[in-house]
Each structure stands twice: as C-alpha cells, then as structure tokens.
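J.: Dropping in work_26.cif, which is mmCIF, C-alpha atoms (C1' of nucleotides):
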```
data_protein
#
loop_
_atom_site.group_PDB
_atom_site.id
_atom_site.type_symbol
_atom_site.label_atom_id
_atom_site.label_comp_id
_atom_site.auth_asym_id
_atom_site.auth_seq_id
_atom_site.Cartn_x
_atom_site.Cartn_y
_atom_site.Cartn_z
ATOM 1 C CA MET A 1 115.622 141.092 100.270
ATOM 2 C CA PRO A 2 115.557 139.354 103.668
ATOM 3 C CA THR A 3 113.033 136.517 103.926
ATOM 4 C CA GLY A 4 111.383 138.109 106.931
ATOM 5 C CA VAL A 5 110.451 141.206 104.954
ATOM 6 C CA ARG A 6 108.980 139.110 102.177
ATOM 7 C CA CYS A 7 106.863 137.120 104.645
ATOM 8 C CA ALA A 8 105.650 140.321 106.226
ATOM 9 C CA ILE A 9 104.015 141.491 103.025
ATOM 10 C CA VAL A 10 102.563 138.127 101.905
ATOM 11 C CA PRO A 11 99.636 137.198 104.135
ATOM 12 C CA ALA A 12 99.242 133.524 105.060
ATOM 13 C CA THR A 13 95.461 133.789 104.948
ATOM 14 C CA PRO A 14 93.559 134.469 101.733
ATOM 15 C CA LEU A 15 92.881 138.029 100.801
ATOM 16 C CA PRO A 16 89.224 139.061 101.191
ATOM 17 C CA HIS A 17 88.576 138.904 97.459
ATOM 18 C CA GLU A 18 89.929 135.328 97.190
ATOM 19 C CA SER A 19 87.594 132.418 97.819
ATOM 20 C CA PRO A 20 89.168 129.601 99.876
ATOM 21 C CA SER A 21 88.740 127.081 97.049
ATOM 22 C CA ARG A 22 91.073 129.166 94.909
ATOM 23 C CA MET A 23 93.988 128.671 97.322
ATOM 24 C CA ALA A 24 96.871 126.760 95.746
ATOM 25 C CA ASP A 25 97.324 123.355 97.341
ATOM 26 C CA ARG A 26 98.551 119.813 96.755
ATOM 27 C CA LEU A 27 97.254 116.749 98.589
ATOM 28 C CA LYS A 28 98.595 113.219 98.101
ATOM 29 C CA ILE A 29 96.193 110.463 99.131
ATOM 30 C CA ALA A 30 97.002 106.744 99.314
ATOM 31 C CA THR A 31 94.853 103.686 99.939
ATOM 32 C CA TRP A 32 96.169 100.252 100.936
ATOM 33 C CA ASN A 33 94.709 97.013 102.235
ATOM 34 C CA VAL A 34 97.614 96.030 104.494
ATOM 35 C CA ASN A 35 96.202 92.684 105.709
ATOM 36 C CA SER A 36 97.124 93.333 109.364
ATOM 37 C CA ILE A 37 98.708 96.646 110.335
ATOM 38 C CA ARG A 38 100.888 94.991 112.975
ATOM 39 C CA SER A 39 102.364 92.551 110.462
ATOM 40 C CA ARG A 40 102.974 95.319 107.957
ATOM 41 C CA MET A 41 104.473 98.155 110.006
ATOM 42 C CA ASP A 42 107.865 97.918 108.274
ATOM 43 C CA HIS A 43 106.163 98.008 104.888
ATOM 44 C CA VAL A 44 104.099 101.032 105.863
ATOM 45 C CA GLY A 45 107.300 102.777 106.949
ATOM 46 C CA ARG A 46 109.043 101.982 103.676
ATOM 47 C CA PHE A 47 106.001 102.991 101.625
ATOM 48 C CA VAL A 48 105.775 106.312 103.473
ATOM 49 C CA ASP A 49 109.505 106.943 102.969
ATOM 50 C CA GLU A 50 109.215 106.358 99.250
ATOM 51 C CA ASN A 51 105.834 107.971 98.556
ATOM 52 C CA ALA A 52 105.171 110.503 101.342
ATOM 53 C CA PRO A 53 101.376 110.615 101.124
ATOM 54 C CA ASP A 54 99.628 113.310 103.163
ATOM 55 C CA VAL A 55 96.747 110.930 103.843
ATOM 56 C CA LEU A 56 96.971 107.142 104.099
ATOM 57 C CA CYS A 57 93.737 105.156 104.184
ATOM 58 C CA LEU A 58 94.160 101.586 105.395
ATOM 59 C CA GLN A 59 91.859 98.590 105.192
ATOM 60 C CA GLU A 60 91.986 95.230 106.924
ATOM 61 C CA THR A 61 93.978 96.574 109.847
ATOM 62 C CA ARG A 62 92.954 93.467 111.843
ATOM 63 C CA CYS A 63 93.904 95.105 115.100
ATOM 64 C CA PRO A 64 91.925 95.758 118.279
ATOM 65 C CA ASP A 65 91.639 99.496 119.047
ATOM 66 C CA GLY A 66 93.522 99.173 122.311
ATOM 67 C CA ILE A 67 96.728 97.908 120.698
ATOM 68 C CA PHE A 68 96.600 99.842 117.422
ATOM 69 C CA PRO A 69 100.202 101.059 116.745
ATOM 70 C CA SER A 70 99.264 104.754 116.755
ATOM 71 C CA SER A 71 102.510 105.907 118.362
ATOM 72 C CA PRO A 72 104.925 104.631 115.664
ATOM 73 C CA LEU A 73 102.537 105.853 112.963
ATOM 74 C CA ARG A 74 102.519 109.318 114.532
ATOM 75 C CA LYS A 75 106.314 109.249 114.445
ATOM 76 C CA LEU A 76 106.087 108.681 110.690
ATOM 77 C CA GLY A 77 104.313 112.043 110.484
ATOM 78 C CA TYR A 78 100.684 110.959 110.777
ATOM 79 C CA GLU A 79 99.646 112.848 113.879
ATOM 80 C CA HIS A 80 95.946 112.551 113.057
ATOM 81 C CA ILE A 81 94.557 109.021 113.182
ATOM 82 C CA VAL A 82 90.950 107.890 113.190
ATOM 83 C CA LEU A 83 89.899 104.259 113.511
ATOM 84 C CA ASN A 84 86.981 101.989 112.940
ATOM 85 C CA ALA A 85 88.614 98.762 114.023
ATOM 86 C CA LYS A 86 87.461 97.283 117.340
ATOM 87 C CA SER A 87 88.576 93.629 117.021
ATOM 88 C CA GLY A 88 91.121 91.498 115.202
ATOM 89 C CA HIS A 89 88.877 91.322 112.145
ATOM 90 C CA HIS A 90 88.315 93.760 109.277
ATOM 91 C CA GLY A 91 89.088 97.325 110.386
ATOM 92 C CA VAL A 92 89.754 100.621 108.589
ATOM 93 C CA ALA A 93 91.877 103.625 109.531
ATOM 94 C CA ILE A 94 92.685 107.069 108.179
ATOM 95 C CA LEU A 95 96.167 108.432 108.928
ATOM 96 C CA SER A 96 96.795 112.072 108.089
ATOM 97 C CA LYS A 97 99.502 114.688 108.351
ATOM 98 C CA ARG A 98 96.743 117.319 108.365
ATOM 99 C CA PRO A 99 93.986 117.557 110.973
ATOM 100 C CA LEU A 100 90.905 115.403 110.410
ATOM 101 C CA ALA A 101 87.391 116.546 111.319
ATOM 102 C CA ASP A 102 83.771 115.445 110.983
ATOM 103 C CA VAL A 103 84.646 111.805 111.724
ATOM 104 C CA VAL A 104 81.827 109.390 110.924
ATOM 105 C CA ILE A 105 81.935 105.744 111.924
ATOM 106 C CA GLU A 106 79.641 104.330 109.261
ATOM 107 C CA ARG A 107 77.592 101.195 109.711
ATOM 108 C CA THR A 108 76.762 100.508 106.084
ATOM 109 C CA ALA A 109 73.921 98.104 105.293
ATOM 110 C CA GLY A 110 73.440 97.460 109.002
ATOM 111 C CA ILE A 111 76.491 95.175 109.021
ATOM 112 C CA ASP A 112 78.053 95.158 112.454
ATOM 113 C CA GLU A 113 81.626 95.034 111.140
ATOM 114 C CA PRO A 114 84.157 97.891 110.958
ATOM 115 C CA ARG A 115 84.321 98.516 107.213
ATOM 116 C CA HIS A 116 83.696 102.223 106.632
ATOM 117 C CA ILE A 117 85.023 105.447 108.125
ATOM 118 C CA ALA A 118 84.729 108.988 106.847
ATOM 119 C CA ALA A 119 86.318 112.298 107.817
ATOM 120 C CA THR A 120 87.176 115.647 106.293
ATOM 121 C CA VAL A 121 90.585 117.141 105.663
ATOM 122 C CA THR A 122 91.293 120.685 104.495
ATOM 123 C CA PHE A 123 92.251 120.891 100.830
ATOM 124 C CA ALA A 124 92.721 124.245 99.098
ATOM 125 C CA GLY A 125 91.170 126.023 102.039
ATOM 126 C CA ALA A 126 87.921 124.047 102.224
ATOM 127 C CA PRO A 127 86.825 120.661 103.620
ATOM 128 C CA LEU A 128 87.340 117.581 101.472
ATOM 129 C CA TRP A 129 85.514 114.375 102.407
ATOM 130 C CA LEU A 130 87.511 111.167 102.667
ATOM 131 C CA HIS A 131 85.515 107.929 102.538
ATOM 132 C CA ASN A 132 87.523 104.832 103.368
ATOM 133 C CA LEU A 133 85.727 101.552 102.562
ATOM 134 C CA TYR A 134 86.344 97.860 102.953
ATOM 135 C CA VAL A 135 83.606 95.998 101.091
ATOM 136 C CA PRO A 136 82.981 92.387 102.268
ATOM 137 C CA ALA A 137 84.866 89.852 100.154
ATOM 138 C CA GLY A 138 81.787 87.666 99.879
ATOM 139 C CA GLY A 139 83.096 84.135 100.339
ATOM 140 C CA ASP A 140 83.621 81.598 97.571
ATOM 141 C CA GLU A 141 80.133 80.789 96.280
ATOM 142 C CA PRO A 142 78.537 83.593 94.213
ATOM 143 C CA ASP A 143 74.968 82.699 95.168
ATOM 144 C CA ALA A 144 73.187 84.838 97.748
ATOM 145 C CA ALA A 145 70.605 82.102 98.336
ATOM 146 C CA ILE A 146 73.126 79.644 99.741
ATOM 147 C CA ASN A 147 76.043 81.876 100.783
ATOM 148 C CA PRO A 148 75.204 84.448 103.471
ATOM 149 C CA ARG A 149 78.587 86.140 103.009
ATOM 150 C CA PHE A 150 77.800 86.797 99.353
ATOM 151 C CA ALA A 151 74.325 88.026 100.312
ATOM 152 C CA ALA A 152 75.944 90.466 102.754
ATOM 153 C CA LYS A 153 78.285 91.734 100.028
ATOM 154 C CA ILE A 154 75.367 92.348 97.670
ATOM 155 C CA ALA A 155 73.434 94.135 100.438
ATOM 156 C CA PHE A 156 76.487 96.266 101.211
ATOM 157 C CA LEU A 157 76.876 97.323 97.557
ATOM 158 C CA ASP A 158 73.169 98.098 97.253
ATOM 159 C CA ALA A 159 73.307 100.245 100.400
ATOM 160 C CA LEU A 160 76.332 102.070 98.998
ATOM 161 C CA THR A 161 74.408 102.961 95.849
ATOM 162 C CA ALA A 162 71.780 104.933 97.761
ATOM 163 C CA TRP A 163 74.484 106.520 99.940
ATOM 164 C CA SER A 164 76.598 107.389 96.880
ATOM 165 C CA ALA A 165 73.730 109.230 95.196
ATOM 166 C CA VAL A 166 73.780 111.706 98.084
ATOM 167 C CA VAL A 167 77.476 111.833 99.012
ATOM 168 C CA GLY A 168 78.918 111.756 95.503
ATOM 169 C CA ARG A 169 76.646 114.484 94.166
ATOM 170 C CA ALA A 170 77.538 116.729 97.109
ATOM 171 C CA GLY A 171 81.065 117.069 95.665
ATOM 172 C CA ARG A 172 84.527 117.621 97.177
ATOM 173 C CA GLY A 173 84.916 113.940 98.039
ATOM 174 C CA VAL A 174 87.349 111.085 97.593
ATOM 175 C CA LEU A 175 86.188 107.478 97.939
ATOM 176 C CA VAL A 176 88.944 104.925 98.412
ATOM 177 C CA GLY A 177 89.323 101.388 99.536
ATOM 178 C CA ASP A 178 89.271 97.686 98.946
ATOM 179 C CA LEU A 179 85.946 97.432 97.144
ATOM 180 C CA ASN A 180 86.510 93.710 96.509
ATOM 181 C CA VAL A 181 85.108 94.011 92.986
ATOM 182 C CA ALA A 182 87.117 94.139 89.756
ATOM 183 C CA PRO A 183 84.534 96.006 87.665
ATOM 184 C CA LEU A 184 85.908 95.950 84.108
ATOM 185 C CA PRO A 185 86.996 93.056 81.849
ATOM 186 C CA ASP A 186 90.544 94.484 81.877
ATOM 187 C CA ASP A 187 90.543 94.617 85.683
ATOM 188 C CA VAL A 188 91.159 90.836 85.806
ATOM 189 C CA TRP A 189 93.679 88.514 84.186
ATOM 190 C CA SER A 190 90.914 86.590 82.387
ATOM 191 C CA HIS A 191 87.444 88.049 82.045
ATOM 192 C CA LYS A 192 85.959 84.785 80.775
ATOM 193 C CA GLN A 193 87.539 82.617 83.441
ATOM 194 C CA LEU A 194 86.462 84.911 86.259
ATOM 195 C CA LEU A 195 82.846 85.553 85.258
ATOM 196 C CA SER A 196 81.626 83.110 87.891
ATOM 197 C CA VAL A 197 84.345 83.900 90.436
ATOM 198 C CA VAL A 198 83.385 86.146 93.347
ATOM 199 C CA SER A 199 84.734 89.674 92.686
ATOM 200 C CA HIS A 200 83.979 89.657 88.947
ATOM 201 C CA THR A 201 80.465 88.208 88.561
ATOM 202 C CA PRO A 202 77.976 90.357 86.617
ATOM 203 C CA GLY A 203 75.909 90.835 89.784
ATOM 204 C CA GLU A 204 78.915 92.455 91.464
ATOM 205 C CA THR A 205 80.383 94.412 88.554
ATOM 206 C CA GLU A 206 76.987 95.875 87.652
ATOM 207 C CA ARG A 207 76.385 96.861 91.274
ATOM 208 C CA LEU A 208 79.764 98.530 91.647
ATOM 209 C CA GLU A 209 79.107 100.488 88.457
ATOM 210 C CA ALA A 210 75.748 101.498 89.964
ATOM 211 C CA VAL A 211 77.557 102.792 93.072
ATOM 212 C CA ARG A 212 79.963 104.805 90.923
ATOM 213 C CA SER A 213 77.427 106.228 88.496
ATOM 214 C CA ALA A 214 74.874 107.111 91.193
ATOM 215 C CA GLY A 215 77.396 109.535 92.683
ATOM 216 C CA GLY A 216 79.033 110.582 89.422
ATOM 217 C CA TRP A 217 82.429 109.476 90.761
ATOM 218 C CA VAL A 218 85.498 109.509 88.519
ATOM 219 C CA ASP A 219 87.558 106.289 88.580
ATOM 220 C CA ALA A 220 90.949 107.976 88.973
ATOM 221 C CA VAL A 221 93.074 104.984 87.962
ATOM 222 C CA ARG A 222 91.158 104.435 84.732
ATOM 223 C CA LYS A 223 91.274 108.161 83.964
ATOM 224 C CA VAL A 224 95.045 107.916 83.584
ATOM 225 C CA ARG A 225 95.273 104.264 82.510
ATOM 226 C CA PRO A 226 92.222 103.628 80.324
ATOM 227 C CA VAL A 227 91.109 100.237 79.077
ATOM 228 C CA PRO A 228 92.216 97.974 77.488
ATOM 229 C CA GLU A 229 95.369 98.172 79.627
ATOM 230 C CA LYS A 230 95.299 95.525 82.351
ATOM 231 C CA VAL A 231 95.638 97.108 85.800
ATOM 232 C CA PHE A 232 95.742 94.981 88.956
ATOM 233 C CA THR A 233 96.053 95.819 92.658
ATOM 234 C CA TRP A 234 95.792 92.319 94.147
ATOM 235 C CA TRP A 235 97.536 89.022 93.529
ATOM 236 C CA SER A 236 96.669 85.877 95.488
ATOM 237 C CA TYR A 237 99.091 84.499 98.041
ATOM 238 C CA ARG A 238 98.397 81.066 96.592
ATOM 239 C CA ALA A 239 100.372 81.453 93.372
ATOM 240 C CA LYS A 240 103.858 79.966 93.394
ATOM 241 C CA ASP A 241 105.170 83.021 91.543
ATOM 242 C CA TRP A 242 102.643 85.862 91.601
ATOM 243 C CA LYS A 243 104.596 87.982 89.121
ATOM 244 C CA ALA A 244 105.185 85.218 86.569
ATOM 245 C CA ALA A 245 101.572 84.030 86.703
ATOM 246 C CA ASN A 246 100.251 87.626 86.931
ATOM 247 C CA ARG A 247 96.751 86.402 87.701
ATOM 248 C CA GLY A 248 95.793 89.680 89.311
ATOM 249 C CA ARG A 249 92.623 91.638 89.870
ATOM 250 C CA ARG A 250 91.904 95.374 90.383
ATOM 251 C CA LEU A 251 90.046 95.278 93.684
ATOM 252 C CA ASP A 252 91.354 98.514 95.207
ATOM 253 C CA HIS A 253 90.004 101.821 93.974
ATOM 254 C CA LEU A 254 90.325 105.581 94.298
ATOM 255 C CA TRP A 255 87.419 107.656 93.056
ATOM 256 C CA VAL A 256 86.921 111.410 93.163
ATOM 257 C CA THR A 257 83.736 113.423 92.823
ATOM 258 C CA ALA A 258 83.151 114.899 89.370
ATOM 259 C CA ASP A 259 84.049 118.437 90.496
ATOM 260 C CA LEU A 260 87.563 117.185 91.389
ATOM 261 C CA GLY A 261 88.202 115.313 88.143
ATOM 262 C CA GLY A 262 90.250 118.204 86.833
ATOM 263 C CA SER A 263 92.297 118.349 90.037
ATOM 264 C CA LEU A 264 93.913 114.939 89.545
ATOM 265 C CA ALA A 265 97.590 115.692 88.980
ATOM 266 C CA ALA A 266 98.913 112.130 89.311
ATOM 267 C CA VAL A 267 97.514 108.638 89.902
ATOM 268 C CA GLU A 268 99.687 105.594 90.492
ATOM 269 C CA VAL A 269 99.488 101.935 91.488
ATOM 270 C CA ARG A 270 102.542 100.700 93.415
ATOM 271 C CA PRO A 271 102.920 96.976 92.621
ATOM 272 C CA GLU A 272 106.526 96.905 93.856
ATOM 273 C CA THR A 273 105.243 96.484 97.413
ATOM 274 C CA ARG A 274 103.955 93.039 96.426
ATOM 275 C CA ASP A 275 107.614 91.983 96.017
ATOM 276 C CA TRP A 276 108.677 93.050 99.508
ATOM 277 C CA GLU A 277 109.279 90.369 102.119
ATOM 278 C CA ARG A 278 106.052 88.990 103.617
ATOM 279 C CA PRO A 279 103.814 91.400 101.694
ATOM 280 C CA SER A 280 100.136 92.211 101.802
ATOM 281 C CA ASP A 281 98.322 90.558 98.903
ATOM 282 C CA HIS A 282 97.047 94.061 97.969
ATOM 283 C CA VAL A 283 99.169 96.996 96.735
ATOM 284 C CA PRO A 284 98.652 100.745 97.257
ATOM 285 C CA VAL A 285 96.907 103.193 94.953
ATOM 286 C CA VAL A 286 98.066 106.817 95.214
ATOM 287 C CA ALA A 287 96.600 110.032 93.802
ATOM 288 C CA THR A 288 97.717 113.652 94.016
ATOM 289 C CA LEU A 289 95.138 116.430 93.916
ATOM 290 C CA THR A 290 96.205 119.945 93.030
ATOM 291 C CA ALA A 291 94.312 123.185 93.152
ATOM 292 C "C1'" DA B 1 95.238 69.889 87.785
ATOM 293 C "C1'" DT B 2 89.138 72.367 92.513
ATOM 294 C "C1'" DG B 3 95.030 72.992 94.705
ATOM 295 C "C1'" DG B 4 97.346 76.766 96.670
ATOM 296 C "C1'" DT B 5 98.848 80.902 101.338
ATOM 297 C "C1'" DT B 6 98.407 84.241 105.005
ATOM 298 C "C1'" DG B 7 96.721 86.132 109.267
ATOM 299 C "C1'" DT B 8 94.245 86.246 113.618
ATOM 300 C "C1'" DG B 9 94.830 88.016 121.895
ATOM 301 C "C1'" DT B 10 95.517 79.900 118.861
ATOM 302 C "C1'" DG B 11 92.515 77.764 116.262
ATOM 303 C "C1'" DA B 12 88.368 77.561 112.896
ATOM 304 C "C1'" DC B 13 87.755 80.618 109.574
ATOM 305 C "C1'" DA B 14 87.984 84.594 106.496
ATOM 306 C "C1'" DA B 15 90.325 86.421 102.824
#
```
Would you mind giving the structure from this file in structure tokens?
T.:
Amino acid sequence: MPTGVRCAIVPATPLPHESPSRMADRLKIATWNVNSIRSRMDHVGRFVDENAPDVLCLQETRCPDGIFPSSPLRKLGYEHIVLNAKSGHHGVAILSKRPLADVVIERTAGIDEPRHIAATVTFAGAPLWLHNLYVPAGGDEPDAAINPRFAAKIAFLDALTAWSAVVGRAGRGVLVGDLNVAPLPDDVWSHKQLLSVVSHTPGETERLEAVRSAGGWVDAVRKVRPVPEKVFTWWSYRAKDWKAANRGRRLDHLWVTADLGGSLAAVEVRPETRDWERPSDHVPVVATLTA
DNA sequence: ATGGTTGTGTGACAA
C-alpha cells in the first residue's frame, strides 16, 4: 500500500475519544552545568551528537545575553532557546527541539542572580513543566552567621521548599539542575569526611530532602541506581587525576513529579564528558520519558 | 599534607 494512502487514513491529531495525555510520545531531557557555554561549545556539540536530547537544560552559562551563542546552538537542532543569564556570572538556559511556552524568569529567595528559569514543552499532547535550577554553591565556610554566601544558599533552599509544595504537587513537571547539594551518604566519596564540607552538611542535605518531599518529586537517578551504589556528577578540577582519586559528589539532579514516575524509560549519568579535553567539572544527567 | 584548578568583556573572586 502506498505510504500516502496510509497517512490519509491515520489522523495526526487525536481522535475525539482519546485524551491528549494518552498520545504516545518520547521525550529525552538532559541537564548539564557547563561552566561557561562559550568555553564548552565543542563539548555541547559532541554531547548532542552522541545523546540527541530533545531538551537540554544548562547551568552556569556565564555568558551575557547579548553574546549568547544562540545561532550555533540552533544549528544543532535547538531552535527554541530561553535564557536567564544577563552577565558573565551564573546563568541558566533551556534549549529545546520542541517549542517552549509559559517562560518564567524566576527570582527565587529574592536573590538578584540568574539561577532559575521555567517553561513548558508539549509531552504526550499536554504541557510539561521544565524547571531549570542553579542553587548557590555557598562558599567554603558552612556557617550562615559568618558566611553570607552560605546564608544565601540556605535561604534559597528554604524558598524552594515552599515553592516545591505547590509546583511539585501540581504534577507534570521535571526539576533539573545543579542543586549544589549531595543529599545521600552514597552521593559523596566519603560521607564522614564531607559532613562539614559545604554541599554535604546536615543543614543542606536535610533542606534538599525537604524540597524534594514537599513536592513529592521522584529522584530519577536513584530510582534506577539505588543506594548504596556511589553515583557522582561532579569531580573537582583540583585533583591531579580525577578518575583515579574518584573523590566525586552527586550535585546535579533530575527529578520528576510523582505522576511521571512510571514514565521514566531511561536515566543515565554521562561521566565520559569529564575525560574530554578542557571539560566542565560537572557531567550531564539524561532521562527519557515515554507515554 | 588546609594544597590544588578553572573561568570570567582582566583581575579579584566564585566555584
């Protein structure tokens, strides 16, 4: 039978008795702290070649809006780009092969830094919220009384908890980003040695768990790679041999709302990017949703 | 062993 005849009898739009959410679909979402988009354009190209995500959420783009490399990224297939960047510091972006809508430039915890952007993308015929976050690192001293950067991190996490209780419970959402907290003992190379190191202190790990539980989010990476397996997404630049030392932390996360837990078809961390020439210190996390 | 490295409209500072 000629293809044209077959197309003529199979409508592209859902039949009246089908609800949009029942449409078959597959959406691959990646998150990556690239530590400067301009310094990492070749890596982004290689990552896209090898992984072909439909949506790529970036953190730490470190690029003023006016010189953001939108044109080469569009040529990679990401025609839809939304930014919260502004200056050479911080910065988040969502790149998508599918149209983005409902863009929200968030100003979480009243911090005047570009660290949060949200938008919707169509998945299985209905809007899916994408929340791309870059939580403040917090400086070196884990004491809010003497370190304003740590105080700002704590305030940011507390603000996210209240936000999460609304956004997470609404459903059809994916929260990704560099959350700068390794929440579980097996998310760091040494739980005991990192208990007083910013990113793994009880004050941070308990707060990140509060953010997650308030919204009922599913930690996608731990759904497929449960504890006690060690899983890391970040290795310091300061190690002589990052792979041999393997003193990593899981700072980068991909969460889905509870209603989408059953839609997770694949979840992967891509540590090979850490071995590429002049890498980011963070590696991508990728998840595929199917419906 | 309190170091070590990377990046930013170039220079102290964040990560």
J.: Name the residues captured by the PyMOL selection byres ((chain A) within 10 of (chain B)) when it is applied to the shown file; answer as a list in words.
T.: Asn35, Ser36, Ser39, Glu60, Arg62, Cys63, Pro64, Ser87, Gly88, His89, His90, Pro136, Ala137, Gly138, Gly139, Asp140, Ser236, Tyr237, Arg238, Ala239, Lys240, Arg278, Pro279, Ser280 and Asp281 of chain A
J.: Find the distance between CA of Ala210 (chain A) and CA of His253 (chain A) and write it in Å to one decimal.
T.: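 According to the coordinates, CA of Ala210 (chain A) and CA of His253 (chain A) are separated by 14.8 Å.
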J.: What is the distance, in Å and to one decimal place, between CA of Trp217 (chain A) and CA of Trp163 (chain A)?
T.: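 We find that CA of Trp217 (chain A) and CA of Trp163 (chain A) lie 12.5 Å from each other.
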J.: May I ask for the distance between CA of Ala101 (chain A) and CA of Ala119 (chain A), given in Å to one decimal place?
T.: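 We find that CA of Ala101 (chain A) and CA of Ala119 (chain A) lie 5.6 Å from each other.
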J.: Could you expand the PyMOL selection byres ((chain A and resi 169) around 10) into the explicit residues it covers here, written as a PyMOL selection string?
T.: chain A and resi 164-168+170-173+214-217+257-259
J.: On this structure, the PyMOL selection byres ((chain A and resi 219) around 12) would catch which residues? List them as a compact mmCIF listing (two decimals) with C-alpha atoms, in the coordinates of the input, sorted by chain and number.
T.:
```txt
# COMPACT_ATOMS: atom_id res chain seq x y z
CA VAL A 174 87.35 111.08 97.59
CA LEU A 175 86.19 107.48 97.94
CA VAL A 176 88.94 104.92 98.41
CA PRO A 183 84.53 96.01 87.66
CA LEU A 184 85.91 95.95 84.11
CA LEU A 208 79.76 98.53 91.65
CA GLU A 209 79.11 100.49 88.46
CA VAL A 211 77.56 102.79 93.07
CA ARG A 212 79.96 104.80 90.92
CA SER A 213 77.43 106.23 88.50
CA GLY A 215 77.40 109.54 92.68
CA GLY A 216 79.03 110.58 89.42
CA TRP A 217 82.43 109.48 90.76
CA VAL A 218 85.50 109.51 88.52
CA ALA A 220 90.95 107.98 88.97
CA VAL A 221 93.07 104.98 87.96
CA ARG A 222 91.16 104.44 84.73
CA LYS A 223 91.27 108.16 83.96
CA VAL A 224 95.04 107.92 83.58
CA ARG A 225 95.27 104.26 82.51
CA PRO A 226 92.22 103.63 80.32
CA VAL A 227 91.11 100.24 79.08
CA ARG A 250 91.90 95.37 90.38
CA ASP A 252 91.35 98.51 95.21
CA HIS A 253 90.00 101.82 93.97
CA LEU A 254 90.32 105.58 94.30
CA TRP A 255 87.42 107.66 93.06
CA VAL A 256 86.92 111.41 93.16
CA THR A 257 83.74 113.42 92.82
CA ALA A 258 83.15 114.90 89.37
CA LEU A 260 87.56 117.18 91.39
CA GLY A 261 88.20 115.31 88.14
CA LEU A 264 93.91 114.94 89.54
CA VAL A 267 97.51 108.64 89.90
CA VAL A 285 96.91 103.19 94.95
CA ALA A 287 96.60 110.03 93.80
```
J.: Please report, as AutoDock Vina command-line options, the centre and edge lengths in Å to one decimal of an axis-aligned box covering all listed atoms of region 2-9 of chain B with 4 Å per side.
T.:
```
--center_x 94.0 --center_y 80.2 --center_z 107.2 --size_x 17.7 --size_y 23.6 --size_z 37.4
```
J.: Measuring between all atoms listed in the file, which one of A:Ala126, A:Ile154, A:Leu160, A:Leu83 shows the shortest distance to Ile105 (chain A)?
T.: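 Going through A:Ala126, A:Ile154, A:Leu160, A:Leu83 one by one, the smallest distance to Ile105 (chain A) is for A:Leu83.
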J.: Which residues come within 12 Å of Pro284 (chain A), counting all atoms listed in the file, excluding same-chain residues fewer than 4 positions away, as a ChimeraX atom specification?
T.: /A:29-35,43-44,47-48,51,53,56-59,176-178,221,232-234,250-254,267-274,279-280
